[in-house]
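final09.cif follows; it contains mmCIF, C-alpha atoms.
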data_query
#
loop_
_atom_site.label_atom_id
_atom_site.label_comp_id
_atom_site.auth_asym_id
_atom_site.auth_seq_id
_atom_site.Cartn_x
_atom_site.Cartn_y
_atom_site.Cartn_z
CA MET I 8 0.00 0.00 0.00
CA ALA I 9 1.37 3.42 -0.97
CA ALA I 10 2.12 5.91 1.80
CA VAL I 11 -0.63 8.27 0.58
CA ASP I 12 -3.17 5.45 0.67
CA MET I 13 -2.11 4.55 4.21
CA VAL I 14 -2.56 8.15 5.38
CA CYS I 15 -6.02 8.30 3.79
CA ALA I 16 -7.00 5.01 5.42
CA MET I 17 -5.74 6.22 8.81
CA ASP I 18 -7.60 9.51 8.41
CA THR I 19 -10.82 7.67 7.61
CA GLU I 20 -10.34 5.37 10.59
CA ASN I 21 -9.59 8.29 12.93
CA ARG I 22 -12.57 10.24 11.58
CA ILE I 23 -14.86 7.29 12.35
CA ARG I 24 -13.22 6.69 15.72
CA GLY I 25 -13.55 10.38 16.61
CA ASN I 26 -17.24 10.41 15.78
CA ASN I 27 -17.83 7.17 17.67
CA PHE I 28 -16.01 8.51 20.73
CA PHE I 29 -18.11 11.67 20.55
CA TYR I 30 -21.40 9.79 20.43
CA ARG I 31 -20.33 7.68 23.40
CA GLY I 32 -19.53 10.82 25.38
CA GLU I 33 -15.79 10.17 25.31
CA TYR I 34 -14.91 13.70 24.29
CA ARG I 35 -11.17 13.70 25.07
CA GLN I 36 -10.69 10.61 22.91
CA ALA I 37 -12.80 12.21 20.18
CA ILE I 38 -10.59 15.29 20.25
CA GLN I 39 -7.45 13.15 20.01
CA ALA I 40 -8.74 11.14 17.05
CA LEU I 41 -10.05 14.18 15.18
CA SER I 42 -6.83 16.09 15.86
CA LEU I 43 -4.93 13.26 14.16
CA VAL I 44 -7.10 13.73 11.06
CA LEU I 45 -6.39 17.46 11.13
CA THR I 46 -2.63 16.89 11.10
CA SER I 47 -2.91 15.66 7.52
CA GLU I 48 -6.14 17.44 6.56
CA PRO I 49 -5.97 20.81 8.36
CA ASP I 50 -8.55 22.38 6.06
CA ASP I 51 -11.36 19.89 6.68
CA ALA I 52 -14.21 22.07 7.96
CA THR I 53 -16.37 19.10 8.96
CA VAL I 54 -13.66 17.66 11.20
CA LEU I 55 -13.13 21.11 12.75
CA VAL I 56 -16.85 21.41 13.49
CA ASN I 57 -16.89 17.94 15.05
CA ARG I 58 -13.82 18.62 17.17
CA GLY I 59 -15.34 21.95 18.18
CA ALA I 60 -18.44 20.11 19.37
CA ALA I 61 -16.25 17.83 21.51
CA TYR I 62 -14.48 20.83 23.03
CA ALA I 63 -17.84 22.47 23.71
CA ALA I 64 -19.15 19.31 25.37
CA LEU I 65 -16.22 19.59 27.78
CA GLY I 66 -16.96 23.26 28.43
CA GLU I 67 -13.82 24.36 26.59
CA TYR I 68 -15.67 27.06 24.70
CA GLU I 69 -12.68 29.12 23.56
CA LEU I 70 -11.17 26.08 21.84
CA ALA I 71 -14.56 25.21 20.38
CA ILE I 72 -15.02 28.73 19.04
CA ALA I 73 -11.53 28.65 17.51
CA ASP I 74 -12.43 25.47 15.63
CA TYR I 75 -15.77 26.91 14.50
CA ASP I 76 -14.06 30.13 13.38
CA ARG I 77 -11.61 28.15 11.27
CA ALA I 78 -14.40 25.97 9.84
CA ILE I 79 -16.36 29.09 8.87
CA GLU I 80 -13.26 30.62 7.32
CA LEU I 81 -12.82 27.48 5.21
CA SER I 82 -16.50 26.92 4.49
CA PRO I 83 -18.50 30.13 4.97
CA ASP I 84 -21.78 28.44 4.05
CA GLU I 85 -21.52 25.83 6.83
CA ALA I 86 -24.73 26.47 8.82
CA VAL I 87 -23.84 23.92 11.50
CA ALA I 88 -20.63 25.78 12.32
CA TYR I 89 -22.58 29.01 12.86
CA ASN I 90 -25.19 27.27 15.00
CA ASN I 91 -22.58 25.52 17.11
CA ARG I 92 -20.52 28.68 17.52
CA GLY I 93 -23.72 30.38 18.65
CA LEU I 94 -24.15 27.70 21.32
CA ALA I 95 -20.59 28.22 22.56
CA CYS I 96 -21.01 32.01 22.62
CA ALA I 97 -24.29 31.70 24.51
CA ALA I 98 -22.69 29.36 27.03
CA GLN I 99 -20.17 32.12 27.73
CA GLY I 100 -22.91 34.73 28.08
CA ASP I 101 -22.12 36.42 24.75
CA TYR I 102 -25.75 36.51 23.65
CA GLN I 103 -25.30 39.13 20.92
CA SER I 104 -22.72 37.02 19.09
CA ALA I 105 -24.92 33.96 19.56
CA LEU I 106 -27.90 35.77 18.00
CA GLU I 107 -25.76 36.83 15.04
CA ASP I 108 -24.58 33.25 14.52
CA TYR I 109 -28.10 31.83 14.74
CA ALA I 110 -29.32 34.45 12.25
CA ARG I 111 -26.59 33.42 9.81
CA ALA I 112 -27.35 29.71 10.32
CA ILE I 113 -31.02 30.39 9.59
CA GLU I 114 -30.15 32.48 6.56
CA LEU I 115 -28.05 29.63 5.18
CA HIS I 116 -30.52 26.90 6.10
CA PRO I 117 -34.02 28.37 6.61
CA LEU I 118 -35.51 25.02 7.60
CA ASN I 119 -33.03 24.49 10.45
CA ALA I 120 -35.44 24.22 13.39
CA VAL I 121 -32.56 23.82 15.84
CA ALA I 122 -31.18 27.27 15.03
CA TYR I 123 -34.64 28.81 15.50
CA HIS I 124 -34.96 27.04 18.84
CA ASN I 125 -31.52 28.17 19.98
CA ARG I 126 -32.30 31.73 18.96
CA GLY I 127 -35.50 31.57 21.02
CA VAL I 128 -33.60 30.32 24.06
CA VAL I 129 -31.12 33.20 23.81
CA CYS I 130 -33.95 35.71 23.41
CA SER I 131 -35.51 34.31 26.59
CA CYS I 132 -32.19 34.68 28.38
CA LEU I 133 -32.00 38.31 27.30
CA LEU I 134 -35.46 38.98 28.71
CA TYR I 135 -34.42 37.78 32.16
CA THR I 136 -30.93 39.24 32.46
#
In structure tokens, write the structure found in this file.
Amino acid sequence: MAAVDMVCAMDTENRIRGNNFFYRGEYRQAIQALSLVLTSEPDDATVLVNRGAAYAALGEYELAIADYDRAIELSPDEAVAYNNRGLACAAQGDYQSALEDYARAIELHPLNAVAYHNRGVVCSCLLYT
């Protein structure tokens, strides 16, 4: 097997492992596996969004936001990245940034009920702060 093929196979395996770890709630392991993918594919917006979600699940919002920022830079039409960044901003109390991200997610994907829900939650928070 050629070296390039081996790297691709390892990336695919680590991508799957990272997602499996995430869904089992093993966020540190997910971050490790997804970080391995990013060493050879640093411009993969989907992997950045997934790793950002693992960071966010651990409450490491700054790291999550950094991954979402990079994913948005690489793929500016990635509605999930905006929605997830909005969640991380809201968790830090930055409701204005969260609202802006939810608005962009809705603009990109008008049928995204999750973004509408998240926007409603933030609006409720603003009413009671």
At most 9 Å from (-15.8, 12.9, 24.9), file frame, all atoms listed in the file: which residues, as a PDB file with C-alpha atoms, keeping the file's coordinate frame?
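The resulting out02.pdb:
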ATOM      1  CA  GLY I  25     -13.550  10.380  16.610  1.00  0.00           C
ATOM      2  CA  PHE I  28     -16.010   8.510  20.730  1.00  0.00           C
ATOM      3  CA  PHE I  29     -18.110  11.670  20.550  1.00  0.00           C
ATOM      4  CA  TYR I  30     -21.400   9.790  20.430  1.00  0.00           C
ATOM      5  CA  ARG I  31     -20.330   7.680  23.400  1.00  0.00           C
ATOM      6  CA  GLY I  32     -19.530  10.820  25.380  1.00  0.00           C
ATOM      7  CA  GLU I  33     -15.790  10.170  25.310  1.00  0.00           C
ATOM      8  CA  TYR I  34     -14.910  13.700  24.290  1.00  0.00           C
ATOM      9  CA  ARG I  35     -11.170  13.700  25.070  1.00  0.00           C
ATOM     10  CA  GLN I  36     -10.690  10.610  22.910  1.00  0.00           C
ATOM     11  CA  ALA I  37     -12.800  12.210  20.180  1.00  0.00           C
ATOM     12  CA  ILE I  38     -10.590  15.290  20.250  1.00  0.00           C
ATOM     13  CA  ALA I  61     -16.250  17.830  21.510  1.00  0.00           C
ATOM     14  CA  TYR I  62     -14.480  20.830  23.030  1.00  0.00           C
ATOM     15  CA  ALA I  64     -19.150  19.310  25.370  1.00  0.00           C
ATOM     16  CA  LEU I  65     -16.220  19.590  27.780  1.00  0.00           C
TER      17      LEU I  65
END
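For the structure shown here, the set of residues caught by the PyMOL selection byres ((chain I and resi 78) around 7) is Ala52, Leu55, Val56, Asp74, Tyr75, Asp76, Arg77, Ile79, Glu80, Leu81, Ser82 and Ala88 of chain I.
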- Query: What's the 8 Å shell around stretch 102-107 of chain I, counting only C-alpha atoms, without same-chain residues fewer than 3 positions away, as number ranges by chain?
  - Reply: I: 92-97, 110-111, 126, 129, 133
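Checking I:Ile23, I:Val54, I:Cys130, I:Ala112 one by one against I:Asn90, counting all atoms listed in the file, you find the shortest gap at I:Ala112.
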- Message: I need the output of the PyMOL selection byres ((chain I and resi 115) around 8) for this file as a ChimeraX atom specification; which residues are they?
- Response: /I:84-86,111-114,116-117
Need to verify the contact set: I:Leu45, 9 Å, only C-alpha atoms, exclusion of same-chain residues closer than 4 positions in sequence. Can you return it as a PDB file with C-alpha atoms, in the coordinates of the input?
ATOM      1  CA  ASP I  18      -7.600   9.510   8.410  1.00  0.00           C
ATOM      2  CA  ALA I  40      -8.740  11.140  17.050  1.00  0.00           C
ATOM      3  CA  LEU I  41     -10.050  14.180  15.180  1.00  0.00           C
ATOM      4  CA  PRO I  49      -5.970  20.810   8.360  1.00  0.00           C
ATOM      5  CA  ASP I  50      -8.550  22.380   6.060  1.00  0.00           C
ATOM      6  CA  ASP I  51     -11.360  19.890   6.680  1.00  0.00           C
ATOM      7  CA  VAL I  54     -13.660  17.660  11.200  1.00  0.00           C
ATOM      8  CA  LEU I  55     -13.130  21.110  12.750  1.00  0.00           C
TER       9      LEU I  55
END
- Could you please determine the separation between atom CA of I:Asn91 and atom CA of I:Ala73 in Å, to one decimal place? 11.5 Å
- Atomic separation - atom CA of I:Met17 relative to atom CA of I:Ser47, Å: 9.9 Å
With 4 Å of padding per side, what axis-aligned box (centre and edge lengths, Å, one decimal) covers all the listed atoms of stretch 18-36 of chain I? Give it as JSON.
{"center_x": -14.5, "center_y": 9.5, "center_z": 16.5, "size_x": 21.8, "size_y": 16.3, "size_z": 25.8}
- By how many Å are atom CA of I:Cys132 and atom CA of I:Asp108 apart? 15.9 Å
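Remark: for I:Val128, the closest of the candidate residues I:Ile72, I:Val44, I:Ala98, I:Val87 is I:Ala98 (distances computed over all atoms listed in the file).
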- Message: From (-13.6, 22.5, 21.2), in the file's coordinates, out to 6 Å: which residues are reached, counting all atoms listed in the file? Answer as a PyMOL selection string.
- Response: chain I and resi 58-63+67+70-71
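The residue that comes closest to I:Arg24, out of I:Tyr68, I:Gln99, I:Tyr89, I:Asn57 and on the basis of only C-alpha atoms, is I:Asn57.
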